[in-house]
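**Q** One structure is given below, represented as structure tokens, and several questions about it will come after.
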Amino acid sequence: MMLGVTVRSALLVLSLGSALSAANLPLSLSSRKSALNARLQSSSGSQFQIPSPLRLSGGGKKAAAGGKKILDVFDHEINSKHEGQSGNIHVEVWKEAGNIVCEISSTVPGQAWMHWGFAKRDTGWFTPPDQFLPPDTKKIDDKASQSPFKNGKILVTVPEKEAPEALAFVLKKDSPEEWFNGPGGDFWIAFKPMDPDGIGTLIVERESKSSHWSILNRMQLVCENIKAVAESPGGCAWIYTLLRFNQMKLVPLTTNSNYQSKDLAHTQKGVSLALAALYGRYPAARVWARMCITIVPRGGGNGDAIRLEILDIMRRHGIKEGHRPGIEDKFIEEWHQKLHTNCAPDDIVIAEAYINFLQSGNPDDYWNHLKGNGLSWEYMCSIGGGKGSANSGLKGLTATPMHLPQLTDDIKHLRWTLMQVHGGADLDFMIHKAAPGLDGELNGILGEIQHNRHEWWIPGKIMEARRKLAGYLQNEAGHRDALMLDVTLEQWFKINIEKTNFGDCDRGALLDLAALVLENTALSYGEEFWPCLNQLNHLKSEGDQWSETWAKKGKATVERITLALQRQMDEIYTLVQPKAERLGKAMNNDQAYITNFGEEVVRGLPSFCLSQILACLDPQMRVAGNLGVWEQVSSESSGSGEIQVMEDMVAIQGKKNFDSPQVLIVKTIGGIEDIPPGVSAILTRSGMDVLSHIAIRARNQGVLLATCHDDGEFDKLTKLSGAVTATVNAAGDVEVKAGLSGAAAASSKAPKAAKISLRQLTPASKMVVTDAEFTGDILGGKSNNLQALRKATGLPAFLKFPSSVALPFGTCEKVMAGAANTQTTARINALTTKLCGDPAKDQEVLAEIRDAFDELEMVDGLEKELVGACKTAGFSAELTEDVDECFDAVKKVWGSKWGDRAYFSRKACSVDDRSLYMGVLVQQVVPAQYSFVLHTENPISGSKDEIMGELVVGLGEALVGNYPGRALSFVMNKKTGDITVSRFPSKRAGVFLADSTLIFRSDSNGEDLEGFAGAGLYESVMATPAKESPVDYNENKIMWDEGFRNAILDKLLTVGKAVEGAMTGPQDIEGCVVDDDVYVVQTRPQV
């Protein structure tokens, strides 16, 4: 029955006890796909705890006191056919004292030898140098040696610098002689990780150029390299892309090659075991391990049983076999031949199609099942002796079967035998296989699922099973059957959830359904989905649901979940799509399969249905929160001009002027873009911080800037053309109508940019000055405004300022004039003469200029002055211990004079480059708990009685850089003290201090000028970069504790009024909150 109806959804909540919520993607998948392609080319209400992985990152265990770091550990069972005995091979590899040590242990009865060599992935085995051979080793040839196991062990030690890519071996046993392979072919022990380009080249070369190749070789390649790419997302993406090509039949089953089923079964077992070990040992690779194991067989089983069983079926039912007389069934004859020489996972599909036909007698049921599961007519023709396959006598599997219904039960059993070897994500099969390793309670739950799989309540039961399975998955050695069962349950969960028509659900049902699906996502992908789940549960636990304030928190929660989904989908898409294009080109695949490859991968993820639920939930939050479809970011109420639709604003950065007024429809905005003169309005799908750089520029230039929060509404705008007028109506929505109005109608030309003149300056005599020496002649507004505030009286006691020193105007020029920098300075000067006015060419030259600044050397006296000034300012000595690191940051700031945006902005305003001087303000970074920006005059309403502010968790870069998501947005009345919160925070990532450090801020004479918003044009650089990490709002009081939040905002109101009074005018203030103190790090006149 359908899950989506309201009554059934209510029952779902009561019986499943799962809860969460979600949000819609700000861009449709097709829009995000376009943007990403452009980037490529240039439980029930309770707190869920994040499962603790055995290691936080990487595959190696933390080094012990003696320096031993484990690189790999695995076991492989050996079974002797001659003696009926079994044993085990145990491999352990570690780094210690500059060496890589590999210990191979054997419990195989009798004398055993390791037949081995060093190996390269592209050329294969080569014999190890003598110094690395264990005692009593004998050389066999130029590729291999044989070493005896002594006391069951062999030890190989190689200096790390001399280590090969890998050590490969097989096991040889004496009396009688018998040989044993590892999981997937040779035992393969990777000593060095493989870079993504290397594995990509290997895959493309082997698949497109090998004269003899098959699915067996493909699986061996995968098995050998899984561990080598374990810590490389790009390498893992290559493995996944190859396996998906294999699943989609975009690479041939065989090329001039046959193989035995038992060998493929053995290799596929090796692949699935390696993927399970990857999942257990490398938490960062778990997403890729899950994706890969979804599309590979379990492997193992008795491969020979398949060939023997089809022969037995043919003989028992009197079907002709070779020269043996009997019923002539061309299909059985062809299939028997394929099962003997090229048995593969596709034979499960063939068996299922055959069973359908045997049961119905309708040949269409056979062919339709094949086609519906990826086995096209062309593919069936290529099997066996067809193009690119071994000449086994079989020329395609194209015959329509005879209707022999007496074979039905036997073919069903054959399908089960095939499943033992090639089966994977089949619910019955995986429950059967996993059962022996699971506890009785979990097996009981799985039995309920198996027998009630189509019931409406089964998603909740699946979640119950998956919660219990999670403990098995944490096994560092990997638990193959538990993992494969888990991904099978995940897929079955998705199938059942997608039966729901989300649009028919009421808002409460959507919230509960989103909760259930989010938990499913968190169990699969972990990471930040657990904090998102906890945040959603926190939201649901709050009273007064669907009130305006609650809905605003709900909207923020929906956005936070959405951003986590976007990050996951974007990362997978950007890693997979280029690899599919490269491999597809090499294999001459139909472009139709390749164009949407990455998109189909993302759509196939079980987490994708969460985005669909969020798309339905988001407007419900908007309506309840009184938020509307449109959000005005600048104060302008209209704009007219010729409409231009664009993915982003990259192409128009550096454009001096449009010939006529323009209205831009822009899908993606980063937040630091410049707005060329002539633009009258920008309508975007991207959420914008009201106080981001582009928002400030829009208000300064009189440009209407607004965000549309509805995909359908925005898509309508992208289809418009010609002259239009955009107007903000009384309800706050933007209306776009054909035709021009106002000044745009009176003039066909766009206004020119205002010319800006910079005052002439006299360079300072000193290269570094303390704050007591700051003056307007030698430094810009950042330094001097802060110094003026320090001297002001009547400021609140909790208001603090970071200590400062500065490199004044002229220091850069003195360094460039130093004897050690003669050649570098000459190169910089020569490069500036190459700037020609063509943005594309100029960007290349500007990048060279910035690189040249990095080559400047420190001149005599600068280090002494810098360290001395910092000591006077009270900086701890540790902050200037690495003077080179500090000087590197200074050079980055100086070089930012020649940043693309800075240069093009100066050109647009006819500013002479020679008149711009770069000062550098040096401050100790305040370890901010929260950072804020205040405008002491409301820039949207224009009210002088209101302060508008935004606040984020962590350092301020997430705010001024317009990181995805929203800041806490608020308006405070100076007279009444009333505080109105318009938005709650949803930014996915915050910026946090990794260690105490200094920040070097640009302080030029070309910022914060009348009529020119130069903030953000020039760089600020930390000596030690801060770290970016996901924000967990669940435990953050700023989100949930109104008293805590208002206490902070009351202090900011006091700060805003005090700073405005001290500076005698409206101010743009940046600062941060640390415990009970508020720091102002810079202030400027509000423009």
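Just so we're on the same page: first chain in the structure tokens is A, next is B, and so on; residues restart at 1 for each chain, and ligands are numbered from 1 in the order they show up.
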Which of range 666-754 of chain A end up as strand (DSSP E or B) when DSSP is run on this backbone - answer as a ChimeraX atom specification?

**A** /A:666,679-684,704-708,723-728,734-738

**Q** Mind writing the picked residues with N, CA, C and O atoms as a JSON list (two decimals), in the first residue's frame?

**A**
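Contents of the output file again30.json:
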[["chain", "number", "residue", "atom", "x", "y", "z"],
["A", 666, "VAL", "N", 21.05, 34.94, -12.95],
["A", 666, "VAL", "CA", 22.28, 34.19, -12.65],
["A", 666, "VAL", "C", 21.96, 33.02, -11.73],
["A", 666, "VAL", "O", 21.42, 33.22, -10.63],
["A", 679, "VAL", "N", 24.82, 47.16, -15.20],
["A", 679, "VAL", "CA", 23.89, 46.16, -14.66],
["A", 679, "VAL", "C", 22.90, 46.87, -13.74],
["A", 679, "VAL", "O", 23.31, 47.58, -12.80],
["A", 680, "SER", "N", 21.62, 46.69, -14.00],
["A", 680, "SER", "CA", 20.62, 47.36, -13.17],
["A", 680, "SER", "C", 19.95, 46.40, -12.18],
["A", 680, "SER", "O", 19.40, 46.84, -11.18],
["A", 681, "ALA", "N", 19.98, 45.09, -12.48],
["A", 681, "ALA", "CA", 19.35, 44.11, -11.59],
["A", 681, "ALA", "C", 20.02, 42.76, -11.75],
["A", 681, "ALA", "O", 20.44, 42.40, -12.85],
["A", 682, "ILE", "N", 20.13, 42.03, -10.64],
["A", 682, "ILE", "CA", 20.63, 40.66, -10.65],
["A", 682, "ILE", "C", 19.64, 39.81, -9.88],
["A", 682, "ILE", "O", 19.38, 40.04, -8.69],
["A", 683, "LEU", "N", 19.05, 38.83, -10.56],
["A", 683, "LEU", "CA", 18.12, 37.90, -9.94],
["A", 683, "LEU", "C", 18.77, 36.52, -9.96],
["A", 683, "LEU", "O", 19.19, 36.04, -11.01],
["A", 684, "THR", "N", 18.90, 35.90, -8.81],
["A", 684, "THR", "CA", 19.69, 34.68, -8.69],
["A", 684, "THR", "C", 18.94, 33.60, -7.92],
["A", 684, "THR", "O", 18.02, 33.88, -7.16],
["A", 704, "LEU", "N", 19.48, 46.31, -8.14],
["A", 704, "LEU", "CA", 18.53, 45.42, -7.49],
["A", 704, "LEU", "C", 19.14, 44.02, -7.45],
["A", 704, "LEU", "O", 19.45, 43.44, -8.49],
["A", 705, "LEU", "N", 19.33, 43.47, -6.26],
["A", 705, "LEU", "CA", 19.85, 42.12, -6.08],
["A", 705, "LEU", "C", 18.84, 41.34, -5.25],
["A", 705, "LEU", "O", 18.49, 41.75, -4.15],
["A", 706, "ALA", "N", 18.34, 40.24, -5.79],
["A", 706, "ALA", "CA", 17.32, 39.45, -5.10],
["A", 706, "ALA", "C", 17.50, 37.97, -5.39],
["A", 706, "ALA", "O", 17.96, 37.59, -6.48],
["A", 707, "THR", "N", 17.13, 37.15, -4.41],
["A", 707, "THR", "CA", 17.22, 35.69, -4.52],
["A", 707, "THR", "C", 15.83, 35.10, -4.67],
["A", 707, "THR", "O", 14.91, 35.45, -3.93],
["A", 708, "CYS", "N", 15.70, 34.18, -5.64],
["A", 708, "CYS", "CA", 14.46, 33.43, -5.81],
["A", 708, "CYS", "C", 14.63, 32.06, -5.18],
["A", 708, "CYS", "O", 15.59, 31.34, -5.50],
["A", 723, "ALA", "N", 14.01, 43.10, -23.65],
["A", 723, "ALA", "CA", 14.01, 44.14, -22.63],
["A", 723, "ALA", "C", 12.96, 43.86, -21.57],
["A", 723, "ALA", "O", 11.82, 43.53, -21.89],
["A", 724, "VAL", "N", 13.33, 43.97, -20.30],
["A", 724, "VAL", "CA", 12.40, 43.71, -19.20],
["A", 724, "VAL", "C", 12.62, 44.73, -18.09],
["A", 724, "VAL", "O", 13.65, 45.41, -18.02],
["A", 725, "THR", "N", 11.63, 44.80, -17.21],
["A", 725, "THR", "CA", 11.73, 45.59, -15.99],
["A", 725, "THR", "C", 11.40, 44.68, -14.81],
["A", 725, "THR", "O", 10.37, 44.00, -14.81],
["A", 726, "ALA", "N", 12.30, 44.64, -13.82],
["A", 726, "ALA", "CA", 12.10, 43.86, -12.60],
["A", 726, "ALA", "C", 11.73, 44.82, -11.48],
["A", 726, "ALA", "O", 12.42, 45.81, -11.25],
["A", 727, "THR", "N", 10.63, 44.51, -10.78],
["A", 727, "THR", "CA", 10.13, 45.41, -9.73],
["A", 727, "THR", "C", 9.78, 44.60, -8.49],
["A", 727, "THR", "O", 9.20, 43.52, -8.58],
["A", 728, "VAL", "N", 10.11, 45.14, -7.32],
["A", 728, "VAL", "CA", 9.73, 44.53, -6.05],
["A", 728, "VAL", "C", 8.36, 45.07, -5.68],
["A", 728, "VAL", "O", 8.17, 46.28, -5.51],
["A", 734, "VAL", "N", 9.37, 39.72, -6.46],
["A", 734, "VAL", "CA", 9.90, 40.38, -7.66],
["A", 734, "VAL", "C", 9.02, 40.01, -8.85],
["A", 734, "VAL", "O", 8.77, 38.83, -9.11],
["A", 735, "GLU", "N", 8.55, 41.02, -9.56],
["A", 735, "GLU", "CA", 7.79, 40.82, -10.78],
["A", 735, "GLU", "C", 8.64, 41.26, -11.96],
["A", 735, "GLU", "O", 9.26, 42.32, -11.91],
["A", 736, "VAL", "N", 8.69, 40.43, -12.99],
["A", 736, "VAL", "CA", 9.47, 40.76, -14.18],
["A", 736, "VAL", "C", 8.51, 40.86, -15.36],
["A", 736, "VAL", "O", 7.80, 39.89, -15.69],
["A", 737, "LYS", "N", 8.47, 42.03, -15.98],
["A", 737, "LYS", "CA", 7.56, 42.28, -17.09],
["A", 737, "LYS", "C", 8.34, 42.77, -18.30],
["A", 737, "LYS", "O", 9.42, 43.37, -18.16],
["A", 738, "ALA", "N", 7.78, 42.53, -19.46],
["A", 738, "ALA", "CA", 8.42, 42.96, -20.70],
["A", 738, "ALA", "C", 8.43, 44.48, -20.79],
["A", 738, "ALA", "O", 7.51, 45.16, -20.33]]

**Q** If you take only C-alpha atoms and a cut-off of 12 Å, which residues of range 967-1039 of chain A touch range 624-633 of chain A, and what are their nearest atom pairs and distances in Å to one decimal, in chain and number order, as a Markdown table?

**A**
| residue | atom | partner | partner_atom | distance |
| --- | --- | --- | --- | --- |
| A:Ser969 | CA | A:Val633 | CA | 11.9 |
| A:Val981 | CA | A:Gly625 | CA | 11.4 |
| A:Ser982 | CA | A:Leu627 | CA | 8.5 |
| A:Arg983 | CA | A:Leu627 | CA | 9.1 |
| A:Phe984 | CA | A:Gly625 | CA | 11.1 |

**Q** Residues as selected, N, CA, C and O atoms, written as a PDB file, in the first residue's frame, can you do that?

**A**
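The result, stored in result_0.pdb:
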ATOM      1  N   SER A 969      20.468  36.171  10.821  1.00  0.00           N
ATOM      2  CA  SER A 969      20.208  37.533  10.345  1.00  0.00           C
ATOM      3  C   SER A 969      19.228  38.214  11.292  1.00  0.00           C
ATOM      4  O   SER A 969      18.230  37.610  11.697  1.00  0.00           O
ATOM      5  N   VAL A 981      14.687  38.516  14.668  1.00  0.00           N
ATOM      6  CA  VAL A 981      15.516  37.548  13.936  1.00  0.00           C
ATOM      7  C   VAL A 981      14.760  37.154  12.670  1.00  0.00           C
ATOM      8  O   VAL A 981      13.651  36.618  12.733  1.00  0.00           O
ATOM      9  N   SER A 982      15.353  37.432  11.517  1.00  0.00           N
ATOM     10  CA  SER A 982      14.696  37.117  10.252  1.00  0.00           C
ATOM     11  C   SER A 982      15.128  35.772   9.689  1.00  0.00           C
ATOM     12  O   SER A 982      14.381  35.139   8.944  1.00  0.00           O
ATOM     13  N   ARG A 983      16.317  35.336  10.040  1.00  0.00           N
ATOM     14  CA  ARG A 983      16.838  34.049   9.556  1.00  0.00           C
ATOM     15  C   ARG A 983      17.669  33.398  10.640  1.00  0.00           C
ATOM     16  O   ARG A 983      18.411  34.077  11.362  1.00  0.00           O
ATOM     17  N   PHE A 984      17.578  32.082  10.697  1.00  0.00           N
ATOM     18  CA  PHE A 984      18.444  31.330  11.597  1.00  0.00           C
ATOM     19  C   PHE A 984      19.583  30.711  10.779  1.00  0.00           C
ATOM     20  O   PHE A 984      19.452  30.506   9.571  1.00  0.00           O
TER      21      PHE A 984
END

**Q** Find the residue from A:Arg966, A:Trp894, A:Asp512, A:Thr793 that sits nearest to Ser686 in chain A; use only C-alpha atoms when measuring.

**A** A:Arg966

**Q** Under the rule of at most 10 Å, produce a per-residue listing of range 529-647 of chain A near range 211-235 of chain A: chain, number, name, the closest pair of atoms, and the distance in Å, as JSON lines, using only C-alpha atoms.

**A**
{"residue": "A:Glu571", "atom": "CA", "partner": "A:Pro233", "partner_atom": "CA", "distance": 9.3}
{"residue": "A:Ile572", "atom": "CA", "partner": "A:Pro233", "partner_atom": "CA", "distance": 9.1}
{"residue": "A:Thr574", "atom": "CA", "partner": "A:Gly234", "partner_atom": "CA", "distance": 9.7}
{"residue": "A:Leu575", "atom": "CA", "partner": "A:Gly234", "partner_atom": "CA", "distance": 6.1}
{"residue": "A:Val576", "atom": "CA", "partner": "A:Gly234", "partner_atom": "CA", "distance": 8.2}
{"residue": "A:Lys579", "atom": "CA", "partner": "A:Gly234", "partner_atom": "CA", "distance": 9.1}

**Q** Any chance you could tabulate, as JSON lines, the residues of range 962-1026 of chain A at most 8 Å from range 951-956 of chain A with each one's nearest atom pair and distance in Å to one decimal, using only C-alpha atoms, in chain and rising number order?

**A**
{"residue": "A:Ala967", "atom": "CA", "partner": "A:Val952", "partner_atom": "CA", "distance": 5.3}
{"residue": "A:Leu968", "atom": "CA", "partner": "A:Leu951", "partner_atom": "CA", "distance": 5.0}
{"residue": "A:Ser969", "atom": "CA", "partner": "A:Leu951", "partner_atom": "CA", "distance": 6.7}
{"residue": "A:Pro985", "atom": "CA", "partner": "A:Val952", "partner_atom": "CA", "distance": 6.9}
{"residue": "A:Lys987", "atom": "CA", "partner": "A:Val952", "partner_atom": "CA", "distance": 7.9}
{"residue": "A:Gly990", "atom": "CA", "partner": "A:Gly954", "partner_atom": "CA", "distance": 5.6}
{"residue": "A:Val991", "atom": "CA", "partner": "A:Leu955", "partner_atom": "CA", "distance": 5.2}
{"residue": "A:Phe992", "atom": "CA", "partner": "A:Gly954", "partner_atom": "CA", "distance": 5.4}
{"residue": "A:Leu993", "atom": "CA", "partner": "A:Leu955", "partner_atom": "CA", "distance": 7.6}
